[in-house]
Amino acid sequence: MLALLGANGAYALFPDCVNGPLKNNTICDTSKSPVERAKALISLYTIEEKINATGSTAPGVPRLGIPGYEWWSEGLHGIAGPYTNFSDSGDYSYSTSFPQPITMGAAFDDELITAVATVISTEARAFNNANRTGLDFWTPNINPFRDPRWGRGQETPGEDPFHLSSYVHALINGLQGDPSDPYKRVVATCKHYAGYDIESWNGNYRYQFDAQISSQDLVEYYLPSFQSCARDSNVGAFMCSYNSLNGVPTCADPYLLQTILREHWGWTNEEQWVTSDCDAIQNVYLPHEWSATREQAVADSLNAGTDIDCGTYYPNHLPAAYDQGLFNESVIDQALIRQYSSLIRLGWFDAPEQQPYRQLDFSAVATKSSQELAYKAAVEGIVLLKNDGVLPLSSFSSLGIFGDWANATEQLLGNYAGQPTYLHSPLWAAQRLNTTVHYARGPGGQGDPTTNSWLNVWPAAHASDVIIYIGGIDNSVEAEGNDRVSLSWTGAQLDVIGQLASYGKPMIVVQMGGGQIDSSPIVNNPNISALLWGGYPGQDGGVAIMDIIMGKAAPAGRLPLTQYPAKYINEVPMTDMALRPGPNNPGRTYKWYNGSAVFEFGSGLHYTNFSADIISDMKETYDIASLMQACQASNEKYPDRCPFNSEPIQVEVKNTGKRASDYVTLAYLAGEFGPKPYPKKSLVAYQRLFSISSESSGIAKLNLTLGSLSRVDERGNRVLYPGDYSLLIDNGPLAMVNFTLTGEEMVLDEWPQPPKDRKAKGTKEVGKGYFVGGFGSEQSVIE
């Protein structure tokens, strides 16, 4: 392996195109295309060297001066991952740690997401130049948060497919940079493709779960964010998931990886590659029992279009598979061309002086502006759910702060976190106010009923003018590999909260954690003055929470998912992937849930009041044929992206209260059109307006497309239907306008139908039916 001296003086591993063995090869010729350069390199590899390069920890080819490369880095809300190296102190011992996506999703601010992603990619480049992380980041997790019990829901922006699609488009722009730039900042990876949102619920393990999903639900709900990644955002990489989808392991499914991803969505750039989730190639053999042999499992996956194995199954078993003639060498060549074309676009082979990102060092990490952005992201994502007028706090002389999140440190980060610059808890922030602070933790953790730990709470509460309880759930109950089985606050927490509320003092509860918990006991308690939701607010989360409580900042976040009643866990198993209500399913998400939500998707109060008015002139009737003719005249390749109106729909939002505040404009469509049942409403646009002062107005400009108005039929086709439509602003709504589409229905996107003859081959070592799901796994097979 060869090394070049980085701009910061540290040695970083890059191929040497100046003095190395390949200096005269086409791989080092920057005038050639990435594909030409990659093909020239791969042509020099032996079959053994090619196979060695298929694992995520690639050993390189020393004889050619190709260093080893680690493909696995993480960047969910800051650089992280098992192969990102933080020093013990000094330079490179920390970076900027932003809130979890579930909290940033509550901001409904795409410009914020692009700014955050730009910081992450900048800091990633600085660490890479010091040989401390890679250039390929296995983020974002863009599976929709379908069920509140999912342990990894905190990694996602929320439950709505349009919201996720818009969020991920903004994120990829910040991570990868402008597509016209000669070099990518880093490569983003959309995961987990597809139908993945179960970890271990009631014995249903993600490694063997078979998600049965209809074409209608797949296109309507589970895939829009991935379509945004591939077709609309040109993401550099995809990750196939552990689960099977309708009987086929996703990493060995050519229908999913080739027909849909590469052909239907046009994700055909040679620089784009697919990695497996870690050891998901092994799972194709066992426990999925898809392939009859280990050799067939790796060949099935490679042939299907999985280019990189996170793990060792490819390097271990592809040699025998090759000897058995189970794949052609051209298939592995294609996988490596995709990999190396991607590295070329990252500048891995080019001299440092040719590219700006190779000049970055630790001075670009944790800058003042990035710290301010982490704070801003936390403030924007905090949601006010209840307020009897006590907030923002004004006149008091002492605060009592309680709960297992009150003095939170690592809890603030959630999972997939690196080393933050600092960790500012709510207690830390409160102690910097000009007031007396009394602190007692109280219940010692999730499910801890040990009342001895409560004894110091009561004198602290007696001595306080205002009581603040900060608790909820955390990574001890929701995390990768760990789904929840309850949507309730723990009994110990509610007991302490109830006793504190009985003091009759102003009391504020701050609910933390990614998945929602039923807060109705808090909402319904008249002695509890206010309720906030903070999610996982990141390194400056405590300051953000206290600044909102004190009125230094104004809340404007909106819940990015539904808060269900606790009984929801008895009404539908996690394994039921259907969205629409059925005999044993009350429906999922705000679109279909037929029960009474504790708080709806999009809920969020302010310290002021707003009114809204749709000021654009809209027709009462639109002809579908005319809309399609205008679309065709625009030469847009994908009709669902064609604009509905020639200009954005403008909404005037007026602050009718006394405090300046941001406002998130949410636009929904409702009505009777397309197949029954009809969703209650569907989010089609949003825009966050900033700092609208008292008696002033802001203008939201909302872009609706033909896809916004469409529905999906049972075959997965996206169709524009005649019918009656209502455009609703906010959950109230605060404003609405009705219009009608007339004429014949028109197909905007015809969905490729899955092949009928996809059957598992089983294995010789394990009897059929050996691996079974746990409680609630019974599913009807989707035809």
# chains A, B, ... in the order shown; residues from 1 in each chain; ligands from 1
$ closest_atom_pairs --of "segment 366-424 of chain A" --to "segment 70-90 of chain A" --cutoff "10 Å" --atoms "only C-alpha atoms" --output "JSON lines"
{"residue": "A:Ala374", "atom": "CA", "partner": "A:His77", "partner_atom": "CA", "distance": 9.7}
{"residue": "A:Leu413", "atom": "CA", "partner": "A:His77", "partner_atom": "CA", "distance": 8.8}
{"residue": "A:Gly414", "atom": "CA", "partner": "A:His77", "partner_atom": "CA", "distance": 9.6}
{"residue": "A:Asn415", "atom": "CA", "partner": "A:Leu76", "partner_atom": "CA", "distance": 8.9}
{"residue": "A:Tyr416", "atom": "CA", "partner": "A:Ala80", "partner_atom": "CA", "distance": 6.3}
{"residue": "A:Ala417", "atom": "CA", "partner": "A:Ala80", "partner_atom": "CA", "distance": 5.5}
{"residue": "A:Gly418", "atom": "CA", "partner": "A:Ala80", "partner_atom": "CA", "distance": 4.2}
{"residue": "A:Gln419", "atom": "CA", "partner": "A:Phe86", "partner_atom": "CA", "distance": 7.2}
{"residue": "A:Pro420", "atom": "CA", "partner": "A:Gly78", "partner_atom": "CA", "distance": 8.4}
$ atom_distance --atom1 "atom CA of Asn645 of chain A" --atom2 "atom CA of Asn703 of chain A"
8.0 Å
$ select_by_dssp --residues "segment 590-695 of chain A" --states "helix (DSSP H, G or I)" --output "list in words"
Tyr590, Lys591, Trp592, Ile624, Ala625, Ser626, Leu627, Met628, Gln629, Ala630, Cys631, Gln632, Ala633, Pro639, Asp640 and Arg641 of chain A
$ residues_around --residues "segment 125-128 of chain A" --least-positions-apart "2" --cutoff "9 Å" --atoms "only C-alpha atoms" --output "ChimeraX atom specification"
/A:8,12-13,79,84-86,92,120-123,130-135,185-186,357-365
$ atom_distance --atom1 "atom CA of Asp540 of chain A" --atom2 "atom CA of Thr96 of chain A"
10.0 Å
$ residues_around --residues "Pro733 of chain A" --least-positions-apart "2" --cutoff "12 Å" --atoms "only C-alpha atoms" --output "PDB file with N, CA and C atoms, in the first residue's frame"
ATOM      1  N   GLY A 602     -48.088  15.950  12.397  1.00  0.00           N
ATOM      2  CA  GLY A 602     -48.172  17.377  12.106  1.00  0.00           C
ATOM      3  C   GLY A 602     -48.599  18.235  13.272  1.00  0.00           C
ATOM      4  N   SER A 603     -48.880  17.622  14.432  1.00  0.00           N
ATOM      5  CA  SER A 603     -49.274  18.414  15.598  1.00  0.00           C
ATOM      6  C   SER A 603     -48.103  19.265  16.068  1.00  0.00           C
ATOM      7  N   PHE A 610     -51.587  31.797  14.515  1.00  0.00           N
ATOM      8  CA  PHE A 610     -51.428  32.050  13.087  1.00  0.00           C
ATOM      9  C   PHE A 610     -52.755  31.867  12.357  1.00  0.00           C
ATOM     10  N   SER A 611     -52.905  32.623  11.296  1.00  0.00           N
ATOM     11  CA  SER A 611     -53.983  32.393  10.341  1.00  0.00           C
ATOM     12  C   SER A 611     -53.346  32.159   8.979  1.00  0.00           C
ATOM     13  N   ALA A 612     -54.089  31.554   8.066  1.00  0.00           N
ATOM     14  CA  ALA A 612     -53.547  31.267   6.733  1.00  0.00           C
ATOM     15  C   ALA A 612     -54.616  31.514   5.683  1.00  0.00           C
ATOM     16  N   ASP A 613     -54.158  31.924   4.507  1.00  0.00           N
ATOM     17  CA  ASP A 613     -55.062  32.199   3.402  1.00  0.00           C
ATOM     18  C   ASP A 613     -54.379  31.790   2.102  1.00  0.00           C
ATOM     19  N   ILE A 614     -55.057  30.977   1.285  1.00  0.00           N
ATOM     20  CA  ILE A 614     -54.522  30.595  -0.021  1.00  0.00           C
ATOM     21  C   ILE A 614     -54.798  31.757  -0.970  1.00  0.00           C
ATOM     22  N   THR A 665     -45.652  25.448   7.250  1.00  0.00           N
ATOM     23  CA  THR A 665     -46.842  25.356   6.408  1.00  0.00           C
ATOM     24  C   THR A 665     -46.940  23.937   5.859  1.00  0.00           C
ATOM     25  N   LEU A 666     -47.960  23.202   6.310  1.00  0.00           N
ATOM     26  CA  LEU A 666     -48.208  21.850   5.835  1.00  0.00           C
ATOM     27  C   LEU A 666     -49.387  21.877   4.881  1.00  0.00           C
ATOM     28  N   ALA A 667     -49.232  21.294   3.694  1.00  0.00           N
ATOM     29  CA  ALA A 667     -50.309  21.239   2.715  1.00  0.00           C
ATOM     30  C   ALA A 667     -50.698  19.786   2.473  1.00  0.00           C
ATOM     31  N   TYR A 668     -51.974  19.487   2.629  1.00  0.00           N
ATOM     32  CA  TYR A 668     -52.505  18.145   2.425  1.00  0.00           C
ATOM     33  C   TYR A 668     -53.512  18.164   1.276  1.00  0.00           C
ATOM     34  N   LEU A 669     -53.682  17.011   0.646  1.00  0.00           N
ATOM     35  CA  LEU A 669     -54.789  16.800  -0.277  1.00  0.00           C
ATOM     36  C   LEU A 669     -55.721  15.749   0.307  1.00  0.00           C
ATOM     37  N   ALA A 670     -57.030  16.006   0.175  1.00  0.00           N
ATOM     38  CA  ALA A 670     -58.042  15.050   0.585  1.00  0.00           C
ATOM     39  C   ALA A 670     -59.124  15.023  -0.485  1.00  0.00           C
ATOM     40  N   LYS A 681     -56.230  12.043   4.334  1.00  0.00           N
ATOM     41  CA  LYS A 681     -55.538  13.145   3.676  1.00  0.00           C
ATOM     42  C   LYS A 681     -54.114  12.689   3.412  1.00  0.00           C
ATOM     43  N   SER A 726     -59.590  18.443  -2.308  1.00  0.00           N
ATOM     44  CA  SER A 726     -59.500  19.568  -1.381  1.00  0.00           C
ATOM     45  C   SER A 726     -58.046  19.768  -0.993  1.00  0.00           C
ATOM     46  N   LEU A 727     -57.561  20.995  -1.131  1.00  0.00           N
ATOM     47  CA  LEU A 727     -56.230  21.362  -0.663  1.00  0.00           C
ATOM     48  C   LEU A 727     -56.388  21.979   0.715  1.00  0.00           C
ATOM     49  N   LEU A 728     -55.765  21.370   1.726  1.00  0.00           N
ATOM     50  CA  LEU A 728     -55.913  21.778   3.118  1.00  0.00           C
ATOM     51  C   LEU A 728     -54.591  22.320   3.634  1.00  0.00           C
ATOM     52  N   ILE A 729     -54.643  23.447   4.326  1.00  0.00           N
ATOM     53  CA  ILE A 729     -53.441  24.031   4.933  1.00  0.00           C
ATOM     54  C   ILE A 729     -53.501  23.823   6.429  1.00  0.00           C
ATOM     55  N   ASP A 730     -52.554  23.061   6.937  1.00  0.00           N
ATOM     56  CA  ASP A 730     -52.419  22.742   8.354  1.00  0.00           C
ATOM     57  C   ASP A 730     -53.466  21.719   8.782  1.00  0.00           C
ATOM     58  N   ASN A 731     -53.298  21.228  10.023  1.00  0.00           N
ATOM     59  CA  ASN A 731     -54.148  20.143  10.494  1.00  0.00           C
ATOM     60  C   ASN A 731     -55.564  20.585  10.790  1.00  0.00           C
ATOM     61  N   ALA A 735     -56.928  26.844   6.288  1.00  0.00           N
ATOM     62  CA  ALA A 735     -57.453  27.311   5.005  1.00  0.00           C
ATOM     63  C   ALA A 735     -57.643  26.102   4.105  1.00  0.00           C
ATOM     64  N   MET A 736     -58.548  26.236   3.122  1.00  0.00           N
ATOM     65  CA  MET A 736     -58.746  25.145   2.180  1.00  0.00           C
ATOM     66  C   MET A 736     -59.351  25.689   0.895  1.00  0.00           C
ATOM     67  N   VAL A 737     -59.158  24.935  -0.183  1.00  0.00           N
ATOM     68  CA  VAL A 737     -59.769  25.260  -1.457  1.00  0.00           C
ATOM     69  C   VAL A 737     -60.139  23.951  -2.138  1.00  0.00           C
TER      70      VAL A 737
END
$ closest_residue --among "A:Ser215, A:Tyr340, A:Pro426, A:Pro179" --to "Ile66 of chain A" --atoms "only C-alpha atoms"
A:Tyr340
$ residues_around --residues "Cys251 of chain A" --least-positions-apart "2" --cutoff "8 Å" --atoms "only C-alpha atoms" --output "tab-separated table (two decimals) with C-alpha atoms, in the first residue's frame"
chain	number	residue	atom	x	y	z
A	240	CYS	CA	-30.28	-4.06	0.31
A	241	SER	CA	-31.87	-5.26	3.53
A	242	TYR	CA	-31.87	-8.31	5.78
A	249	PRO	CA	-34.26	-11.99	0.04
A	253	ASP	CA	-33.72	-10.21	-5.93
A	257	LEU	CA	-32.26	-4.53	-7.77
A	276	SER	CA	-25.60	-5.64	1.31
A	280	ALA	CA	-27.19	-10.14	4.60
A	281	ILE	CA	-25.49	-12.25	1.88
A	284	VAL	CA	-29.66	-15.59	1.73
A	301	SER	CA	-26.71	-12.14	-4.89
A	304	ALA	CA	-29.02	-10.02	-8.88
A	305	GLY	CA	-26.95	-6.84	-8.62
A	306	THR	CA	-25.46	-6.69	-5.12
$ closest_residue --among "A:Ser97, A:Gln539, A:Thr26, A:Asn19" --to "Ser43 of chain A" --atoms "only C-alpha atoms"
A:Thr26
$ residues_around --residues "segment 222-229 of chain A" --least-positions-apart "3" --cutoff "9 Å" --atoms "only C-alpha atoms" --output "PyMOL selection string"
chain A and resi 142-144+146+161-169+172+189-191+193-196+213+217-219+232-236+238+261+265
$ write_last_selection --atoms "N, CA, C and O atoms" --output "CSV table (one decimal), in the first residue's frame"
chain,number,residue,atom,x,y,z
A,142,ILE,N,-33.8,5.5,5.3
A,142,ILE,CA,-35.0,6.2,4.7
A,142,ILE,C,-36.2,5.3,4.6
A,142,ILE,O,-37.1,5.6,3.8
A,143,ASN,N,-36.2,4.2,5.4
A,143,ASN,CA,-37.4,3.4,5.5
A,143,ASN,C,-38.5,4.2,6.3
A,143,ASN,O,-38.1,4.9,7.3
A,144,PRO,N,-39.7,4.3,5.9
A,144,PRO,CA,-40.7,5.0,6.6
A,144,PRO,C,-41.0,4.4,8.0
A,144,PRO,O,-40.9,3.2,8.1
A,146,ARG,N,-43.2,3.2,10.0
A,146,ARG,CA,-44.6,2.7,9.8
A,146,ARG,C,-45.2,2.3,11.2
A,146,ARG,O,-46.4,2.6,11.4
A,161,PRO,N,-44.4,9.3,3.5
A,161,PRO,CA,-43.5,9.0,2.3
A,161,PRO,C,-43.1,10.3,1.6
A,161,PRO,O,-42.0,10.4,1.1
A,162,PHE,N,-44.0,11.3,1.4
A,162,PHE,CA,-43.6,12.5,0.7
A,162,PHE,C,-42.6,13.3,1.6
A,162,PHE,O,-41.6,13.8,1.0
A,163,HIS,N,-42.8,13.4,2.9
A,163,HIS,CA,-41.8,14.0,3.7
A,163,HIS,C,-40.5,13.4,3.6
A,163,HIS,O,-39.4,14.1,3.5
A,164,LEU,N,-40.4,12.0,3.7
A,164,LEU,CA,-39.2,11.3,3.6
A,164,LEU,C,-38.5,11.6,2.2
A,164,LEU,O,-37.3,11.8,2.1
A,165,SER,N,-39.3,11.6,1.2
A,165,SER,CA,-38.7,11.8,-0.2
A,165,SER,C,-38.1,13.2,-0.3
A,165,SER,O,-37.1,13.4,-0.9
A,166,SER,N,-38.8,14.2,0.2
A,166,SER,CA,-38.3,15.6,0.2
A,166,SER,C,-37.0,15.7,1.1
A,166,SER,O,-36.0,16.3,0.7
A,167,TYR,N,-37.1,15.2,2.3
A,167,TYR,CA,-36.0,15.2,3.2
A,167,TYR,C,-34.7,14.6,2.6
A,167,TYR,O,-33.6,15.1,2.6
A,168,VAL,N,-34.9,13.4,2.0
A,168,VAL,CA,-33.7,12.7,1.5
A,168,VAL,C,-33.1,13.4,0.3
A,168,VAL,O,-31.9,13.3,0.1
A,169,HIS,N,-33.9,14.0,-0.5
A,169,HIS,CA,-33.4,14.8,-1.6
A,169,HIS,C,-32.5,15.9,-1.1
A,169,HIS,O,-31.4,16.1,-1.7
A,172,ILE,N,-29.2,14.3,0.4
A,172,ILE,CA,-28.2,13.8,-0.6
A,172,ILE,C,-27.5,15.0,-1.3
A,172,ILE,O,-26.3,14.9,-1.5
A,189,THR,N,-25.6,6.5,0.9
A,189,THR,CA,-26.2,5.2,0.6
A,189,THR,C,-27.6,5.1,1.2
A,189,THR,O,-27.8,5.2,2.4
A,190,CYS,N,-28.6,5.0,0.4
A,190,CYS,CA,-30.0,4.9,0.8
A,190,CYS,C,-30.2,3.5,1.3
A,190,CYS,O,-30.0,2.5,0.5
A,191,LYS,N,-30.7,3.4,2.5
A,191,LYS,CA,-31.0,2.0,3.1
A,191,LYS,C,-32.3,2.1,3.9
A,191,LYS,O,-32.7,3.2,4.2
A,193,TYR,N,-33.2,-1.2,1.6
A,193,TYR,CA,-34.1,-1.4,0.4
A,193,TYR,C,-34.4,-2.9,0.4
A,193,TYR,O,-33.5,-3.7,0.1
A,194,ALA,N,-35.7,-3.3,0.7
A,194,ALA,CA,-36.8,-2.5,1.0
A,194,ALA,C,-37.7,-3.3,1.9
A,194,ALA,O,-37.6,-4.5,2.1
A,195,GLY,N,-38.8,-2.6,2.5
A,195,GLY,CA,-39.7,-3.2,3.4
A,195,GLY,C,-39.1,-3.6,4.7
A,195,GLY,O,-39.6,-4.6,5.4
A,196,TYR,N,-38.1,-2.9,5.1
A,196,TYR,CA,-37.4,-3.2,6.4
A,196,TYR,C,-37.8,-2.3,7.5
A,196,TYR,O,-37.6,-1.1,7.4
A,213,ILE,N,-45.9,-7.6,1.2
A,213,ILE,CA,-46.4,-6.2,0.9
A,213,ILE,C,-47.0,-6.2,-0.5
A,213,ILE,O,-46.4,-6.7,-1.4
A,217,ASP,N,-49.3,-1.0,-1.8
A,217,ASP,CA,-48.6,-0.4,-0.6
A,217,ASP,C,-47.2,-0.2,-0.8
A,217,ASP,O,-46.6,0.8,-0.3
A,218,LEU,N,-46.5,-1.1,-1.6
A,218,LEU,CA,-45.1,-0.9,-1.9
A,218,LEU,C,-44.9,0.4,-2.6
A,218,LEU,O,-44.0,1.2,-2.2
A,219,VAL,N,-45.6,0.6,-3.7
A,219,VAL,CA,-45.4,1.8,-4.5
A,219,VAL,C,-45.9,3.1,-3.8
A,219,VAL,O,-45.2,4.1,-3.8
A,232,ASP,N,-34.6,10.7,-8.6
A,232,ASP,CA,-34.7,12.1,-8.5
A,232,ASP,C,-33.4,12.8,-7.8
A,232,ASP,O,-33.3,14.0,-7.9
A,233,SER,N,-32.6,12.0,-7.1
A,233,SER,CA,-31.5,12.6,-6.4
A,233,SER,C,-30.1,12.0,-6.8
A,233,SER,O,-29.1,12.4,-6.3
A,234,ASN,N,-30.1,10.9,-7.6
A,234,ASN,CA,-28.9,10.4,-8.1
A,234,ASN,C,-27.9,10.0,-7.0
A,234,ASN,O,-26.7,10.2,-7.1
A,235,VAL,N,-28.5,9.3,-6.0
A,235,VAL,CA,-27.6,8.9,-4.9
A,235,VAL,C,-26.6,7.9,-5.4
A,235,VAL,O,-26.8,7.2,-6.4
A,236,GLY,N,-25.4,7.8,-4.7
A,236,GLY,CA,-24.3,7.0,-5.2
A,236,GLY,C,-24.5,5.5,-4.9
A,236,GLY,O,-23.8,4.7,-5.6
A,238,PHE,N,-26.9,2.2,-2.8
A,238,PHE,CA,-28.1,1.6,-2.1
A,238,PHE,C,-27.6,0.5,-1.2
A,238,PHE,O,-26.5,-0.1,-1.5
A,261,LEU,N,-34.9,-0.9,-9.5
A,261,LEU,CA,-33.9,0.1,-9.2
A,261,LEU,C,-33.2,0.6,-10.4
A,261,LEU,O,-33.1,1.9,-10.7
A,265,TRP,N,-36.3,3.0,-12.5
A,265,TRP,CA,-35.9,4.3,-12.0
A,265,TRP,C,-34.7,4.9,-12.7
A,265,TRP,O,-34.3,6.0,-12.3
$ residues_around --residues "Ile548 of chain A" --least-positions-apart "2" --cutoff "12 Å" --atoms "only C-alpha atoms" --output "PyMOL selection string"
chain A and resi 375-376+378-384+391-394+426+429-430+508+510+530-534+541-546+550-557+606-607+661
